[in-house]
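Trainee: Sending over work.tsv (TSV, C-alpha atoms and all ligand atoms).
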chain	number	residue	atom	x	y	z
A	10	MET	CA	-31.96	-6.31	2.17
A	11	ARG	CA	-31.84	-8.64	5.17
A	12	PHE	CA	-31.62	-5.63	7.47
A	13	VAL	CA	-34.71	-4.03	5.90
A	14	GLU	CA	-36.63	-7.29	6.21
A	15	SER	CA	-35.73	-7.50	9.88
A	16	GLU	CA	-37.06	-4.03	10.68
A	17	GLY	CA	-40.14	-3.77	12.86
A	18	GLU	CA	-43.48	-2.30	11.67
A	19	ASN	CA	-42.71	1.03	13.31
A	20	TYR	CA	-39.90	1.64	10.90
A	21	HIS	CA	-41.82	1.05	7.71
A	22	PRO	CA	-42.02	4.19	5.56
A	23	LYS	CA	-45.42	5.76	4.93
A	24	PRO	CA	-47.13	4.47	1.78
A	25	GLY	CA	-45.73	6.02	-1.37
A	26	ARG	CA	-42.41	6.86	0.24
A	27	ASP	CA	-39.07	5.24	-0.43
A	28	ARG	CA	-36.63	4.45	2.31
A	29	GLU	CA	-33.72	6.89	2.27
A	30	LEU	CA	-30.14	5.85	2.53
A	31	GLY	CA	-26.80	7.36	3.46
A	32	PHE	CA	-24.22	5.78	1.19
A	33	THR	CA	-20.69	5.57	2.61
A	34	PHE	CA	-18.38	5.02	-0.32
A	35	SER	CA	-14.73	4.68	0.67
A	36	PHE	CA	-13.01	5.49	-2.62
A	37	PRO	CA	-12.05	8.70	-4.42
A	38	VAL	CA	-15.12	10.27	-6.01
A	39	LYS	CA	-15.71	13.43	-8.00
A	40	GLN	CA	-18.80	14.55	-6.15
A	41	THR	CA	-21.31	16.33	-8.37
A	42	SER	CA	-24.10	16.84	-5.82
A	43	ILE	CA	-25.08	15.61	-2.36
A	44	ASN	CA	-26.28	12.37	-3.91
A	45	SER	CA	-24.24	11.85	-7.04
A	46	GLY	CA	-20.61	11.43	-7.91
A	47	TYR	CA	-18.42	9.41	-10.18
A	48	LEU	CA	-15.63	7.09	-9.22
A	49	ILE	CA	-12.21	8.55	-10.03
A	50	LYS	CA	-10.26	5.34	-9.39
A	51	TRP	CA	-10.24	2.24	-7.23
A	52	THR	CA	-7.84	1.86	-4.31
A	53	LYS	CA	-7.07	-0.83	-1.68
A	54	GLY	CA	-6.77	-3.72	-4.10
A	55	PHE	CA	-10.09	-3.22	-5.88
A	56	ALA	CA	-9.90	-3.40	-9.66
A	57	ILE	CA	-13.21	-3.28	-11.52
A	58	PRO	CA	-12.45	-1.19	-14.61
A	59	ASP	CA	-16.14	-0.92	-15.55
A	60	GLY	CA	-16.86	1.10	-12.41
A	61	VAL	CA	-14.38	3.91	-13.06
A	62	GLY	CA	-16.06	7.09	-14.31
A	63	LYS	CA	-19.54	5.83	-13.36
A	64	ASP	CA	-21.97	7.52	-10.98
A	65	VAL	CA	-21.74	5.24	-7.96
A	66	VAL	CA	-25.16	6.29	-6.66
A	67	GLN	CA	-26.77	5.40	-9.97
A	68	ALA	CA	-24.98	2.05	-9.88
A	69	LEU	CA	-26.34	1.38	-6.38
A	70	HIS	CA	-29.85	2.47	-7.40
A	71	ASP	CA	-29.73	0.08	-10.38
A	72	ALA	CA	-28.55	-2.77	-8.13
A	73	MET	CA	-31.27	-2.08	-5.56
A	74	LYS	CA	-33.89	-1.99	-8.29
A	75	ARG	CA	-32.76	-5.39	-9.53
A	76	ARG	CA	-33.28	-6.72	-5.98
A	77	GLY	CA	-36.70	-5.08	-5.68
A	78	LEU	CA	-35.65	-2.62	-2.96
A	79	ALA	CA	-37.53	0.66	-2.85
A	80	MET	CA	-34.73	2.84	-1.54
A	81	ARG	CA	-32.95	5.96	-2.65
A	82	VAL	CA	-29.64	7.50	-1.69
A	83	THR	CA	-30.05	10.99	-0.25
A	84	ALA	CA	-26.42	11.45	0.75
A	85	LEU	CA	-23.25	10.08	-0.80
A	86	VAL	CA	-20.36	10.44	1.64
A	87	ASN	CA	-16.78	9.37	1.86
A	88	ASP	CA	-16.09	7.39	5.04
A	89	THR	CA	-13.95	10.21	6.46
A	90	VAL	CA	-16.79	12.69	5.97
A	91	GLY	CA	-19.23	10.24	7.57
A	92	ALA	CA	-16.87	9.86	10.54
A	93	LEU	CA	-16.58	13.63	10.89
A	94	ALA	CA	-20.35	14.14	10.73
A	95	GLY	CA	-21.01	11.30	13.17
A	96	ALA	CA	-18.52	12.59	15.73
A	97	ARG	CA	-19.29	16.30	15.29
A	98	TYR	CA	-22.96	15.64	15.92
A	99	TRP	CA	-22.04	15.01	19.57
A	100	ASN	CA	-19.02	17.20	19.91
A	101	GLU	CA	-18.39	20.51	18.12
A	102	ASP	CA	-14.70	20.34	18.91
A	103	VAL	CA	-14.30	17.67	16.23
A	104	MET	CA	-12.46	19.39	13.38
A	105	VAL	CA	-10.73	16.43	11.74
A	106	ALA	CA	-11.64	12.83	10.98
A	107	VAL	CA	-9.12	10.18	10.04
A	108	ILE	CA	-9.59	6.64	8.81
A	109	LEU	CA	-6.84	4.17	9.60
A	110	GLY	CA	-8.08	0.83	8.40
A	111	THR	CA	-7.51	-1.16	5.23
A	112	GLY	CA	-6.85	2.21	3.60
A	113	THR	CA	-6.24	5.64	5.03
A	114	ASN	CA	-7.64	9.11	4.51
A	115	ALA	CA	-8.57	12.29	6.38
A	116	CYS	CA	-10.99	15.18	6.12
A	117	TYR	CA	-11.28	18.41	8.06
A	118	VAL	CA	-13.41	21.50	8.54
A	119	GLU	CA	-12.03	24.46	6.58
A	120	ARG	CA	-13.12	28.10	6.47
A	121	ALA	CA	-14.98	28.51	3.16
A	122	GLU	CA	-13.03	31.69	2.36
A	123	ALA	CA	-9.77	29.75	2.55
A	124	ILE	CA	-10.88	27.45	-0.29
A	125	THR	CA	-9.70	29.40	-3.31
A	126	LYS	CA	-10.88	26.93	-5.92
A	127	TYR	CA	-14.48	27.00	-4.65
A	128	HIS	CA	-16.62	29.56	-6.46
A	129	GLY	CA	-20.08	28.44	-5.40
A	130	GLU	CA	-22.41	30.03	-2.92
A	131	SER	CA	-20.98	30.59	0.53
A	132	PRO	CA	-22.26	28.07	3.02
A	133	ARG	CA	-24.29	29.55	5.90
A	134	SER	CA	-21.96	28.07	8.48
A	135	GLY	CA	-18.96	29.73	6.83
A	136	SER	CA	-17.12	26.43	6.65
A	137	MET	CA	-16.84	23.38	4.44
A	138	VAL	CA	-15.47	19.88	4.79
A	139	ILE	CA	-12.43	18.99	2.71
A	140	ASN	CA	-11.93	15.33	1.88
A	141	MET	CA	-8.15	15.24	1.44
A	142	GLU	CA	-7.67	11.76	-0.03
A	143	TRP	CA	-4.35	11.85	1.77
A	144	GLY	CA	-3.66	8.23	0.90
A	145	ASN	CA	-2.45	9.56	-2.44
A	146	PHE	CA	-0.13	12.11	-0.85
A	147	TRP	CA	3.38	11.89	-2.11
A	148	SER	CA	6.65	13.66	-1.38
A	149	SER	CA	10.25	12.78	-2.09
A	150	HIS	CA	10.84	13.39	1.62
A	151	LEU	CA	8.84	10.31	2.59
A	152	PRO	CA	11.23	7.65	3.98
A	153	ARG	CA	10.59	5.17	1.19
A	154	THR	CA	12.66	2.00	1.07
A	155	ILE	CA	13.27	-0.65	-1.58
A	156	TYR	CA	10.52	-2.73	0.08
A	157	ASP	CA	8.00	0.08	-0.42
A	158	GLU	CA	9.10	0.47	-4.02
A	159	ASP	CA	8.70	-3.24	-4.73
A	160	LEU	CA	5.34	-3.39	-2.98
A	161	ASP	CA	4.17	-0.44	-5.06
A	162	ALA	CA	5.46	-1.89	-8.33
A	163	GLU	CA	3.70	-5.21	-7.72
A	164	SER	CA	0.43	-3.67	-6.53
A	165	LEU	CA	-2.74	-3.25	-8.61
A	166	ASN	CA	-2.24	0.53	-8.64
A	167	PRO	CA	1.49	1.22	-9.09
A	168	GLY	CA	2.52	4.83	-8.63
A	169	GLU	CA	-0.65	5.63	-6.71
A	170	GLN	CA	-1.61	5.90	-3.02
A	171	GLY	CA	2.04	6.18	-1.95
A	172	PHE	CA	1.24	7.43	1.57
A	173	GLU	CA	-1.47	4.79	2.04
A	174	LYS	CA	1.02	2.06	1.11
A	175	MET	CA	3.33	3.12	3.96
A	176	VAL	CA	0.65	3.63	6.57
A	177	SER	CA	-2.49	1.54	6.21
A	178	GLY	CA	-3.57	-1.90	7.32
A	179	MET	CA	-3.70	-3.37	3.86
A	180	TYR	CA	0.06	-2.99	3.44
A	181	LEU	CA	1.95	-3.10	6.76
A	182	GLY	CA	1.93	-6.89	6.95
A	183	ASP	CA	3.29	-7.23	3.44
A	184	ILE	CA	6.10	-4.74	4.10
A	185	VAL	CA	7.18	-6.93	7.03
A	186	ARG	CA	6.99	-10.03	4.81
A	187	ARG	CA	9.21	-8.41	2.20
A	188	VAL	CA	11.89	-7.52	4.74
A	189	LEU	CA	11.74	-11.03	6.24
A	190	LEU	CA	12.14	-12.51	2.78
A	191	LYS	CA	15.22	-10.41	2.13
A	192	MET	CA	16.71	-11.45	5.50
A	193	ALA	CA	15.87	-15.09	4.83
A	194	GLU	CA	17.54	-14.94	1.42
A	195	ASP	CA	20.61	-12.92	2.36
A	196	SER	CA	21.21	-13.93	5.97
A	197	PHE	CA	19.50	-17.32	6.36
A	198	LEU	CA	17.17	-15.91	9.03
A	199	PHE	CA	15.07	-19.09	9.04
A	200	GLY	CA	17.86	-21.55	8.28
A	201	THR	CA	19.39	-22.57	4.99
A	202	GLU	CA	16.07	-22.77	3.18
A	203	VAL	CA	13.80	-19.83	2.54
A	204	PRO	CA	10.25	-20.72	3.70
A	205	ALA	CA	8.19	-21.03	0.50
A	206	ASN	CA	5.28	-19.07	1.96
A	207	LEU	CA	7.46	-16.01	2.35
A	208	TYR	CA	7.28	-15.61	-1.43
A	209	LYS	CA	3.50	-15.31	-1.33
A	210	PRO	CA	2.31	-11.70	-1.47
A	211	ASN	CA	-0.02	-10.62	1.33
A	212	ILE	CA	0.24	-13.90	3.22
A	213	LEU	CA	1.33	-12.04	6.34
A	214	ARG	CA	-1.46	-9.67	7.27
A	215	THR	CA	-1.41	-6.65	9.55
A	216	PRO	CA	-3.42	-8.46	12.30
A	217	ASP	CA	-0.63	-11.07	12.30
A	218	ILE	CA	2.10	-8.50	12.81
A	219	SER	CA	-0.02	-6.84	15.50
A	220	LYS	CA	-0.30	-10.18	17.29
A	221	MET	CA	3.47	-10.74	17.14
A	222	HIS	CA	4.22	-7.16	18.12
A	223	GLN	CA	1.95	-7.35	21.18
A	224	ASP	CA	3.45	-10.65	22.37
A	225	GLU	CA	4.49	-10.09	25.99
A	226	SER	CA	5.43	-13.71	26.82
A	227	ALA	CA	9.02	-14.37	27.83
A	228	ASP	CA	9.60	-16.91	25.06
A	229	LEU	CA	7.56	-14.98	22.45
A	230	ARG	CA	5.11	-17.83	22.05
A	231	GLU	CA	2.68	-15.89	19.84
A	232	VAL	CA	5.48	-14.98	17.46
A	233	ALA	CA	6.45	-18.65	17.20
A	234	LYS	CA	2.81	-19.57	16.54
A	235	VAL	CA	2.37	-17.03	13.75
A	236	LEU	CA	5.67	-17.96	12.12
A	237	LYS	CA	4.65	-21.59	12.21
A	238	SER	CA	1.03	-21.29	11.10
A	239	ILE	CA	1.61	-18.71	8.38
A	240	LEU	CA	5.15	-19.17	7.18
A	241	GLY	CA	5.45	-22.85	8.01
A	242	VAL	CA	8.63	-22.28	10.06
A	243	SER	CA	8.43	-24.94	12.73
A	244	SER	CA	11.06	-23.80	15.19
A	245	THR	CA	12.88	-20.52	15.62
A	246	PRO	CA	15.50	-19.44	18.15
A	247	LEU	CA	14.37	-16.73	20.57
A	248	LYS	CA	16.83	-14.30	18.98
A	249	VAL	CA	15.08	-14.65	15.63
A	250	ARG	CA	11.67	-14.10	17.22
A	251	MET	CA	13.00	-10.98	18.92
A	252	LEU	CA	14.22	-9.71	15.60
A	253	VAL	CA	10.82	-10.31	14.03
A	254	VAL	CA	9.18	-8.28	16.82
A	255	GLU	CA	11.72	-5.50	16.28
A	256	LEU	CA	10.83	-5.42	12.59
A	257	CYS	CA	7.08	-5.25	13.30
A	258	ASP	CA	7.85	-2.40	15.67
A	259	LEU	CA	9.80	-0.47	13.03
A	260	VAL	CA	7.17	-0.83	10.35
A	261	ALA	CA	4.25	0.02	12.66
A	262	GLU	CA	6.08	2.96	14.22
A	263	ARG	CA	6.94	4.41	10.84
A	264	GLY	CA	3.31	4.16	9.69
A	265	ALA	CA	1.94	5.65	12.90
A	266	ARG	CA	4.40	8.53	12.88
A	267	LEU	CA	3.60	9.36	9.27
A	268	ALA	CA	-0.13	9.39	10.05
A	269	ALA	CA	0.56	11.60	13.09
A	270	ALA	CA	2.56	14.00	10.91
A	271	GLY	CA	-0.45	14.20	8.57
A	272	ILE	CA	-2.74	15.07	11.48
A	273	VAL	CA	-0.40	17.76	12.75
A	274	GLY	CA	-0.17	19.13	9.19
A	275	ILE	CA	-3.95	19.60	9.21
A	276	LEU	CA	-3.88	21.25	12.63
A	277	LYS	CA	-1.25	23.66	11.29
A	278	LYS	CA	-3.38	24.40	8.23
A	279	ILE	CA	-6.40	25.36	10.33
A	280	GLY	CA	-4.40	27.13	13.00
A	281	ARG	CA	-5.09	24.68	15.78
A	282	ASP	CA	-1.40	24.05	16.41
A	283	GLY	CA	-0.79	27.20	18.40
A	284	SER	CA	0.24	29.24	15.36
A	285	CYS	CA	-2.88	31.41	15.62
A	286	LEU	CA	-1.24	33.22	18.43
A	287	SER	CA	1.30	34.66	15.96
A	288	ASN	CA	-0.76	34.79	12.72
A	289	ARG	CA	-4.43	35.52	13.23
A	290	SER	CA	-5.41	35.72	9.55
A	291	LYS	CA	-5.26	31.95	9.02
A	292	CYS	CA	-7.32	31.06	12.04
A	293	ASP	CA	-10.83	29.84	12.52
A	294	GLN	CA	-11.26	31.67	15.81
A	295	GLY	CA	-10.70	28.36	17.46
A	296	GLU	CA	-7.37	29.05	19.11
A	297	GLY	CA	-7.26	28.00	22.69
A	298	ARG	CA	-10.24	25.73	22.08
A	299	HIS	CA	-10.05	22.03	22.46
A	300	THR	CA	-9.65	20.20	19.14
A	301	THR	CA	-10.79	16.63	18.72
A	302	ILE	CA	-9.68	14.30	15.96
A	303	ALA	CA	-12.22	11.55	15.33
A	304	MET	CA	-10.59	8.30	14.39
A	305	ASP	CA	-12.18	5.26	12.78
A	306	GLY	CA	-10.77	2.06	11.31
A	307	GLY	CA	-9.56	-1.36	12.34
A	308	LEU	CA	-5.83	-0.55	12.24
A	309	TYR	CA	-6.20	2.13	14.90
A	310	GLU	CA	-8.78	0.17	16.85
A	311	HIS	CA	-7.08	-3.21	16.97
A	312	TYR	CA	-3.37	-2.34	16.99
A	313	PRO	CA	-2.61	-0.78	20.42
A	314	LYS	CA	1.09	-0.17	19.75
A	315	PHE	CA	0.30	1.60	16.48
A	316	ARG	CA	-2.23	3.71	18.38
A	317	LYS	CA	0.30	4.54	21.08
A	318	TYR	CA	2.97	5.62	18.58
A	319	LEU	CA	0.46	7.82	16.80
A	320	GLN	CA	-0.72	9.54	19.97
A	321	GLU	CA	2.83	10.02	21.25
A	322	THR	CA	3.95	11.54	17.97
A	323	VAL	CA	1.03	13.98	17.77
A	324	ALA	CA	1.85	15.12	21.30
A	325	HIS	CA	5.57	15.30	20.56
A	326	LEU	CA	5.12	17.35	17.37
A	327	LEU	CA	2.68	19.78	18.98
A	328	GLY	CA	4.56	20.23	22.24
A	329	GLU	CA	3.11	19.69	25.67
A	330	GLU	CA	1.11	22.91	26.01
A	331	ILE	CA	-0.76	22.67	22.70
A	332	ALA	CA	-1.13	18.90	22.94
A	333	ALA	CA	-3.08	19.35	26.17
A	334	ASN	CA	-5.83	20.89	24.03
A	335	VAL	CA	-5.87	18.17	21.37
A	336	SER	CA	-7.28	14.68	21.63
A	337	VAL	CA	-7.53	11.77	19.24
A	338	GLU	CA	-10.69	9.80	19.92
A	339	LEU	CA	-11.88	6.52	18.51
A	340	SER	CA	-15.29	6.91	16.94
A	341	LYS	CA	-16.15	3.31	16.23
A	342	ASP	CA	-18.38	2.85	13.16
A	343	GLY	CA	-18.69	6.62	13.17
A	344	SER	CA	-18.67	6.79	9.39
A	345	GLY	CA	-21.87	4.75	8.96
A	346	ILE	CA	-23.68	6.70	11.66
A	347	GLY	CA	-22.53	10.01	10.20
A	348	ALA	CA	-23.73	8.99	6.72
A	349	ALA	CA	-27.14	8.12	8.19
A	350	LEU	CA	-27.32	11.51	9.93
A	351	LEU	CA	-26.42	13.30	6.70
A	352	ALA	CA	-29.00	11.27	4.80
A	353	ALA	CA	-31.64	12.21	7.38
A	354	SER	CA	-30.76	15.89	7.18
A	355	HIS	CA	-31.05	15.79	3.38
A	356	SER	CA	-34.27	13.82	3.35
A	357	GLN	CA	-36.65	14.88	0.62
A	358	TYR	CA	-39.48	14.36	3.08
A	359	VAL	CA	-38.19	16.85	5.63
A	360	ASN	CA	-41.15	18.84	7.02
A	361	THR	CA	-43.73	16.62	5.36
B	1	LIG	C1	-9.74	5.80	-0.28
B	1	LIG	C2	-10.46	6.85	0.55
B	1	LIG	C3	-10.95	6.24	1.83
B	1	LIG	C4	-9.81	5.55	2.56
B	1	LIG	C5	-10.24	4.90	3.87
B	1	LIG	C6	-8.68	5.10	0.54
B	1	LIG	O1	-8.09	4.06	-0.17
B	1	LIG	O2	-9.14	6.40	-1.41
B	1	LIG	O3	-11.54	7.41	-0.17
B	1	LIG	O4	-11.48	7.27	2.63
B	1	LIG	O5	-9.26	4.55	1.73
B	1	LIG	O6	-11.24	3.95	3.67
Now that the file is in, can you turn its structure into structure tokens?
Mentor:
Amino acid sequence: MRFVESEGENYHPKPGRDRELGFTFSFPVKQTSINSGYLIKWTKGFAIPDGVGKDVVQALHDAMKRRGLAMRVTALVNDTVGALAGARYWNEDVMVAVILGTGTNACYVERAEAITKYHGESPRSGSMVINMEWGNFWSSHLPRTIYDEDLDAESLNPGEQGFEKMVSGMYLGDIVRRVLLKMAEDSFLFGTEVPANLYKPNILRTPDISKMHQDESADLREVAKVLKSILGVSSTPLKVRMLVVELCDLVAERGARLAAAGIVGILKKIGRDGSCLSNRSKCDQGEGRHTTIAMDGGLYEHYPKFRKYLQETVAHLLGEEIAANVSVELSKDGSGIGAALLAASHSQYVNT
């Protein structure tokens, strides 16, 4: 509302026209048309039971009406799809978009004929975007520990979003806290008393572990500061601080490597991992072409070591030759821009 009020005269719609909006909605939705879809479930710590099963566009329209805003949604898009559209607008090599932020998810461009459950009209381009909702991926092969199990059991959505809980920014800090708590209880890591704050869920956030992990000072000053300000531990031997850094490293590396494995899985699925050379039927004619993965989200943007592990693992899994043709590129705020582009291309006033 404030943004609309701040817009100059030139941007006012012609009389009788509503403003049109691209609506980025970063939760699982059963999409029923370009501008309607109902919420399947909440993720990332949201819990508003009333919203589940409702058309989220209708809910936004109702809210805008209450505020006297003459606007309508012309495109409802998941943030991954927005990121893909925003990045692909500039660069046709973008085949995949990944969000690594509070939550995580990915989408990619698939050949329409490879989508067996789709029975609608074939799109003119021959391809469609698949929103994977990979945060809910689960496999018994995932390296899940007791800390992951406890975090899951105590979360607002137990049994759901298993992959997201091992990878995304909402959870990495709390995994570290849980391990520290165990070490404080069993091995007196912080002395004979367990710091009371260590019992508080989510008190240690991912930006805190990033700060400790990136600490390059000889005496690990930043680590000491975080331990003091957040956990109330006033002095720690250097050895303990080093151990804390090591733990942050383990948790971030695991998350980054899992996300990288997800990306390589997509590249395999669309034949951009070199496999086209041996099996042409599964390919999108893109073999040998450069493939770009558009990345958005605060975890990837603000956690350099996480970013480095992810890039290294993608390259490692693909092998040097194929990796030379693949790049992971930050597309900051790409999802909002992409949603706006999609809204513009679905405008009901096109050609008028
Ligand atoms: C949601 C996805 C979203 C992702 C990143 C997940 O929790 O289920 O829809 O794309 O977070 O925001």
Trainee: Considering all atoms listed in the file, state which residue in the set A:Lys53, A:Arg263, A:Lys341, A:Lys74 is at the smallest distance from ligand LIG 1 (chain B).
Mentor: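 Of the candidates, the smallest distance to ligand LIG 1 (chain B) is held by A:Lys53.
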Trainee: Write out as a PyMOL selection string the residues lying within 12 Å of Arg316 (chain A), counting all atoms listed in the file and excluding same-chain residues fewer than 2 positions away.
Mentor: chain A and resi 109-110+219+261-266+268-269+304-314+318-323+337-339
Trainee: For ligand LIG 1 (chain B), collect every residue having any atom at a distance of at most 8 Å from a ligand atom (counting only C-alpha atoms and all ligand atoms); output as a PyMOL selection string.
Mentor: chain A and resi 34-38+51-53+87-89+108-115+142-145+170+173+306
Trainee: Need to verify the contact set: Lys174 (chain A), 8 Å, only C-alpha atoms, exclusion of same-chain residues closer than 6 positions in sequence. Can you return it as a ChimeraX atom specification?
Mentor: /A:144,157,161,180-181
Trainee: Measuring atom to atom with only C-alpha atoms, identify which of A:Glu14, A:Met73, A:Trp147, A:Asn140 is nearest to Gln40 (chain A).
Mentor: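 That would be A:Asn140, the residue with the smallest distance to Gln40 (chain A).
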Trainee: Using all atoms listed in the file for the distances, tell me which of A:Gly343, A:Pro216, A:Pro152, A:Gly280 is nearest to Glu119 (chain A).
Mentor: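 Checking each candidate against Glu119 (chain A), we get A:Gly280 as the closest.
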Trainee: Env of Ala332 (chain A): 12 Å cut, atoms = all atoms listed in the file, seq-sep filter 6 positions within chain, self excluded. Answer as number ranges by chain.
Mentor: A: 273, 276, 281-283, 297-302, 320-326
Trainee: Please define a box with edges along x, y and z of the file around all atoms of region 44-56 of chain A given in the file, extend it by 3 Å on each side, and return its centre and edge lengths in Å to one decimal, as JSON.
Mentor:
{"center_x": -16.5, "center_y": 4.3, "center_z": -5.9, "size_x": 25.5, "size_y": 22.1, "size_z": 14.5}
Trainee: Show me, as a PDB file with C-alpha atoms, in the coordinates of the input, the residues that have an atom within 12 Å of Glu158 (chain A) when counting all atoms listed in the file, minus same-chain residues fewer than 6 positions from it.
Mentor:
ATOM      1  CA  LEU A 151       8.840  10.310   2.590  1.00  0.00           C
ATOM      2  CA  PRO A 152      11.230   7.650   3.980  1.00  0.00           C
ATOM      3  CA  SER A 164       0.430  -3.670  -6.530  1.00  0.00           C
ATOM      4  CA  PRO A 167       1.490   1.220  -9.090  1.00  0.00           C
ATOM      5  CA  GLY A 168       2.520   4.830  -8.630  1.00  0.00           C
ATOM      6  CA  GLU A 169      -0.650   5.630  -6.710  1.00  0.00           C
ATOM      7  CA  GLY A 171       2.040   6.180  -1.950  1.00  0.00           C
ATOM      8  CA  PHE A 172       1.240   7.430   1.570  1.00  0.00           C
ATOM      9  CA  LYS A 174       1.020   2.060   1.110  1.00  0.00           C
ATOM     10  CA  MET A 175       3.330   3.120   3.960  1.00  0.00           C
ATOM     11  CA  ILE A 184       6.100  -4.740   4.100  1.00  0.00           C
ATOM     12  CA  ARG A 187       9.210  -8.410   2.200  1.00  0.00           C
TER      13      ARG A 187
END
Trainee: What is the CA of Ser149 (chain A)-CA of Gly271 (chain A) distance in Å, reported with one decimal?
Mentor: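 Interatomic distance here is 15.2 Å.
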Trainee: One decimal, Å: what's the distance from CA of Asp64 (chain A) over to CA of Gly46 (chain A), could you say?
Mentor: 5.2 Å
Trainee: Taking all atoms listed in the file into account, which of A:Thr33, A:Ser244, A:Ser177, A:Gln223 comes nearest Ala94 (chain A)?
Mentor: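 Smallest separation from Ala94 (chain A) among the options: A:Thr33.
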Trainee: Given the choices A:Asp217, A:Ile275, A:Leu256, A:Phe55, which gets closest to Leu327 (chain A) if the distance is worked out from only C-alpha atoms?
Mentor: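 For Leu327 (chain A), the nearest of the candidates is A:Ile275.
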